[in-house]
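Asker: The structure that follows is given in the form of structure tokens.
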Amino acid sequence: MAKSKGVKEHIIEVTTDLILKYDGDTDRITARMIAGKADIALGLINYHFGSKENLITECVQRIIGKVVSSFQMTQTYETDKERLTAWAVSVFNFLFTHSAMSHISILGDLQAYTPRCNSVLTQRGFLFALKNDVADDDRAILAFTLLSAMQTAFLGGSTAGMLLGFDLSTPDGRAAYITKLVNMLFNGAQSL
């Protein structure tokens with residue numbers, strides 16, 4: 001069993017390296033490529049993961065999970081709204097900068113929404129931005145709603161941007177969308 005776990009982790013490491021090498025463009029990665037680089041029989045990918053797609057999803061979730069857990073903002077902000085806006089803009093830009101991996105991660109989270117998935121970890125990160133200006137019982141729903149709106153806009157691509165009235169293909173357009181969204185969420189939280 002220990003050897004089996006070693007092979008599985010080796011396959012994950014090799015696949016992760018390939019994902020990073022191809023900047024998240026997983027269409028360029030084949031099961032044969034993974035097996036060759038890992039020096040394993042092709043069938044071991046299906047044996048351990050069921051499919052190349054499951055393997056890719058697991059690797060991407062780990063990559064994004066490391067990014068989410070290491071995310072830190074060093075700048076100080078006077079208000080929760082300023083802090084949350086800055087953090088959310090940073091996360092939103094990450095989604096677009098690492099589009100292929102972000103798609104896989106978000107869709108994987110939606111299929112297996114657990115306390116340790118990247119979406120929940122990001123929501124928990126947003127909670128740290130809410131220190132003073134939002135009631136405790138409103139913080140979680142605000143963070144959940146914000147991330148959900150960000151993910152939906154990201155997955156919706158240019159159509160979502162057109163419907164929302166923002167050019168999400170540019171950092172300025174993304175920042176404008178997040179600023180508007182956070183302002184609306186804060187106004188809603190304060191009126192309840």
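Just so we're on the same page: first chain in the structure tokens is A, next is B, and so on; residues restart at 1 for each chain, and ligands are numbered from 1 in the order they show up.
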Which residues of segment 33-129 of chain A have any atom within 12 Å of an atom in segment 177-182 of chain A when counting only C-alpha atoms, and what is the closest pair of atoms for each, with the distance in Å to one decimal? Order the rows by chain and rising number and write it as JSON lines.
Answerer:
{"residue": "A:Asp80", "atom": "CA", "partner": "A:Val182", "partner_atom": "CA", "distance": 10.2}
{"residue": "A:Lys81", "atom": "CA", "partner": "A:Val182", "partner_atom": "CA", "distance": 7.0}
{"residue": "A:Glu82", "atom": "CA", "partner": "A:Thr179", "partner_atom": "CA", "distance": 8.9}
{"residue": "A:Arg83", "atom": "CA", "partner": "A:Val182", "partner_atom": "CA", "distance": 10.4}
{"residue": "A:Leu84", "atom": "CA", "partner": "A:Val182", "partner_atom": "CA", "distance": 7.6}
{"residue": "A:Thr85", "atom": "CA", "partner": "A:Thr179", "partner_atom": "CA", "distance": 6.0}
{"residue": "A:Ala86", "atom": "CA", "partner": "A:Thr179", "partner_atom": "CA", "distance": 8.7}
{"residue": "A:Trp87", "atom": "CA", "partner": "A:Ile178", "partner_atom": "CA", "distance": 9.8}
{"residue": "A:Ala88", "atom": "CA", "partner": "A:Ile178", "partner_atom": "CA", "distance": 6.8}
{"residue": "A:Val89", "atom": "CA", "partner": "A:Ile178", "partner_atom": "CA", "distance": 6.2}
{"residue": "A:Ser90", "atom": "CA", "partner": "A:Ile178", "partner_atom": "CA", "distance": 9.9}
{"residue": "A:Val91", "atom": "CA", "partner": "A:Ile178", "partner_atom": "CA", "distance": 10.2}
{"residue": "A:Phe92", "atom": "CA", "partner": "A:Ile178", "partner_atom": "CA", "distance": 8.1}
{"residue": "A:Asn93", "atom": "CA", "partner": "A:Ile178", "partner_atom": "CA", "distance": 10.3}
{"residue": "A:Phe126", "atom": "CA", "partner": "A:Val182", "partner_atom": "CA", "distance": 11.5}
Asker: With C-alpha atoms kept, could you save the residues just selected as an mmCIF file, in the first residue's frame?
Answerer:
data_model
loop_
_atom_site.group_PDB
_atom_site.id
_atom_site.type_symbol
_atom_site.label_atom_id
_atom_site.label_comp_id
_atom_site.auth_asym_id
_atom_site.auth_seq_id
_atom_site.Cartn_x
_atom_site.Cartn_y
_atom_site.Cartn_z
ATOM 1 C CA ASP A 80 -13.505 46.467 5.525
ATOM 2 C CA LYS A 81 -14.943 47.594 2.182
ATOM 3 C CA GLU A 82 -11.539 48.818 0.954
ATOM 4 C CA ARG A 83 -9.805 45.674 2.209
ATOM 5 C CA LEU A 84 -12.366 43.271 0.723
ATOM 6 C CA THR A 85 -12.382 45.125 -2.596
ATOM 7 C CA ALA A 86 -8.589 44.905 -2.879
ATOM 8 C CA TRP A 87 -8.543 41.219 -1.960
ATOM 9 C CA ALA A 88 -11.416 40.375 -4.310
ATOM 10 C CA VAL A 89 -9.801 42.274 -7.213
ATOM 11 C CA SER A 90 -6.607 40.304 -6.627
ATOM 12 C CA VAL A 91 -8.475 36.973 -6.641
ATOM 13 C CA PHE A 92 -10.552 37.968 -9.684
ATOM 14 C CA ASN A 93 -7.441 38.943 -11.633
ATOM 15 C CA PHE A 126 -12.617 36.963 2.416
#
Asker: Extract, using only C-alpha atoms, all DNA, RNA and protein residues at most 12 Å from segment 134-141 of chain A, discarding same-chain residues fewer than 5 positions from it, and format them as number ranges by chain.
Answerer: A: 79-81, 84, 120, 122-129, 146-149, 185-192
Asker: With distances taken over only C-alpha atoms, which residue among A:Phe166, A:Asp17, A:Gly50, A:Glu78 lies nearest Ile34 of chain A?
Answerer: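 Distance minimum relative to Ile34 of chain A lands on A:Asp17.
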Asker: With distances taken over only C-alpha atoms, which residue among A:Ala153, A:Ile64, A:Val14, A:Lys52 lies nearest His98 of chain A?
Answerer: A:Ile64
Asker: Write down as a ChimeraX atom specification the residues belonging to chain A that are assigned helix (DSSP H, G or I) by DSSP computed on the backbone.
Answerer: /A:2-21,26-28,31-38,43-49,52-70,80-97,99-111,118-129,136-164,171-191
Asker: For a test of reading the model, state the distance in Å between atom CA of Ser51 of chain A and atom CA of Arg28 of chain A, rounded to one decimal.
Answerer: 15.7 Å
Asker: When you look at segment 43-45 of chain A with a cut-off of 12 Å (counting only C-alpha atoms), what residues show up, excluding the ones that are within fewer than 5 positions of it in the same chain? I need them as a compact mmCIF listing (two decimals) with N, CA and C atoms, in the first residue's frame.
Answerer:
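Below is the file that was written, around.txt:
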# COMPACT_ATOMS: atom_id res chain seq x y z
N SER A 4 2.08 1.88 -3.43
CA SER A 4 1.00 2.37 -4.27
C SER A 4 0.78 3.86 -4.06
N LYS A 5 0.83 4.31 -2.81
CA LYS A 5 0.67 5.73 -2.53
C LYS A 5 1.83 6.51 -3.11
N VAL A 7 3.51 5.78 -5.87
CA VAL A 7 3.29 5.87 -7.31
C VAL A 7 2.24 6.95 -7.60
N LYS A 8 1.18 6.94 -6.84
CA LYS A 8 0.11 7.92 -7.05
C LYS A 8 0.64 9.34 -6.87
N GLU A 9 1.38 9.57 -5.81
CA GLU A 9 1.95 10.91 -5.57
C GLU A 9 2.94 11.29 -6.66
N HIS A 10 3.71 10.31 -7.14
CA HIS A 10 4.66 10.58 -8.22
C HIS A 10 3.91 11.01 -9.49
N ILE A 11 2.81 10.35 -9.79
CA ILE A 11 1.99 10.72 -10.95
C ILE A 11 1.46 12.14 -10.78
N ILE A 12 1.01 12.46 -9.58
CA ILE A 12 0.49 13.81 -9.31
C ILE A 12 1.60 14.85 -9.49
N VAL A 14 4.37 14.68 -11.34
CA VAL A 14 4.71 14.80 -12.77
C VAL A 14 3.63 15.58 -13.51
N THR A 15 2.38 15.26 -13.24
CA THR A 15 1.27 15.95 -13.91
C THR A 15 1.23 17.42 -13.53
N THR A 30 -1.26 14.89 -22.65
CA THR A 30 -1.91 13.61 -22.91
C THR A 30 -1.56 12.62 -21.80
N ALA A 31 -2.38 11.59 -21.69
CA ALA A 31 -2.10 10.54 -20.71
C ALA A 31 -0.78 9.86 -21.04
N ARG A 32 -0.50 9.67 -22.32
CA ARG A 32 0.78 9.05 -22.72
C ARG A 32 1.96 9.93 -22.30
N MET A 33 1.80 11.23 -22.42
CA MET A 33 2.86 12.16 -22.01
C MET A 33 3.12 12.03 -20.51
N ILE A 34 2.05 11.97 -19.73
CA ILE A 34 2.18 11.83 -18.28
C ILE A 34 2.87 10.52 -17.94
N ALA A 35 2.38 9.43 -18.54
CA ALA A 35 2.96 8.10 -18.27
C ALA A 35 4.43 8.05 -18.65
N GLY A 36 4.77 8.61 -19.79
CA GLY A 36 6.16 8.61 -20.23
C GLY A 36 7.06 9.40 -19.29
N ALA A 38 6.46 10.11 -16.18
CA ALA A 38 6.46 9.47 -14.86
C ALA A 38 7.13 8.10 -14.89
N GLY A 50 -8.94 6.96 -12.33
CA GLY A 50 -10.15 6.73 -13.12
C GLY A 50 -10.08 7.31 -14.51
N SER A 51 -9.38 8.44 -14.66
CA SER A 51 -9.23 9.06 -15.97
C SER A 51 -8.16 10.15 -15.89
N LYS A 52 -7.68 10.55 -17.04
CA LYS A 52 -6.73 11.67 -17.10
C LYS A 52 -7.39 12.94 -16.57
N GLU A 53 -8.68 13.12 -16.87
CA GLU A 53 -9.39 14.32 -16.44
C GLU A 53 -9.46 14.39 -14.91
N ASN A 54 -9.72 13.26 -14.26
CA ASN A 54 -9.75 13.25 -12.79
C ASN A 54 -8.37 13.58 -12.21
N LEU A 55 -7.33 13.06 -12.83
CA LEU A 55 -5.96 13.36 -12.40
C LEU A 55 -5.67 14.85 -12.55
N ILE A 56 -6.00 15.41 -13.69
CA ILE A 56 -5.78 16.84 -13.95
C ILE A 56 -6.53 17.67 -12.92
Asker: Could you tell me how far atom CA of Asp23 of chain A lies from atom CA of Tyr47 of chain A, in Å and to one decimal?
Answerer: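 Atom-to-atom, atom CA of Asp23 of chain A to atom CA of Tyr47 of chain A, that is 26.3 Å.
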Asker: Considering only C-alpha atoms, state which residue in the set A:Ala160, A:Tyr77, A:Gly108, A:Asp27 is at the smallest distance from Asn132 of chain A.
Answerer: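 Closest to Asn132 of chain A of all the choices is A:Tyr77.
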Asker: One decimal, Å: what's the distance from atom CA of Thr76 of chain A over to atom CA of Ser105 of chain A, could you say?
Answerer: 29.2 Å
Asker: Could you tell me which of A:Glu58, A:Leu142, A:Ala112, A:Phe49 comes closest to Asn183 of chain A if we count only C-alpha atoms?
Answerer: A:Leu142
Asker: Given the choices A:Lys66, A:Arg116, A:His103, A:His48, which gets closest to Gly157 of chain A if the distance is worked out from only C-alpha atoms?
Answerer: A:His103
Asker: Give me the residues within 9 Å of Ser99 of chain A as a list in words, counting only C-alpha atoms and dropping any in the same chain fewer than 5 places off.
Answerer: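 In the requested format, the answer is Gly24, Asp25, Phe94, Ile104 and Phe154 of chain A.
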Asker: With N, CA and C atoms kept, could you save the residues just selected as an mmCIF file, in the first residue's frame?
Answerer:
data_model
loop_
_atom_site.group_PDB
_atom_site.id
_atom_site.type_symbol
_atom_site.label_atom_id
_atom_site.label_comp_id
_atom_site.auth_asym_id
_atom_site.auth_seq_id
_atom_site.Cartn_x
_atom_site.Cartn_y
_atom_site.Cartn_z
ATOM 1 N N GLY A 24 -1.235 25.764 -17.583
ATOM 2 C CA GLY A 24 -2.615 25.382 -17.351
ATOM 3 C C GLY A 24 -3.372 24.926 -18.584
ATOM 4 N N ASP A 25 -2.736 24.925 -19.739
ATOM 5 C CA ASP A 25 -3.402 24.473 -20.963
ATOM 6 C C ASP A 25 -3.388 22.942 -20.978
ATOM 7 N N PHE A 94 -6.501 36.925 -10.638
ATOM 8 C CA PHE A 94 -5.868 35.605 -10.678
ATOM 9 C C PHE A 94 -6.675 34.644 -11.550
ATOM 10 N N ILE A 104 -10.993 24.751 -14.326
ATOM 11 C CA ILE A 104 -10.976 23.396 -13.776
ATOM 12 C C ILE A 104 -11.254 23.427 -12.275
ATOM 13 N N PHE A 154 -16.772 35.112 -14.149
ATOM 14 C CA PHE A 154 -15.591 34.529 -14.789
ATOM 15 C C PHE A 154 -15.978 33.416 -15.751
#
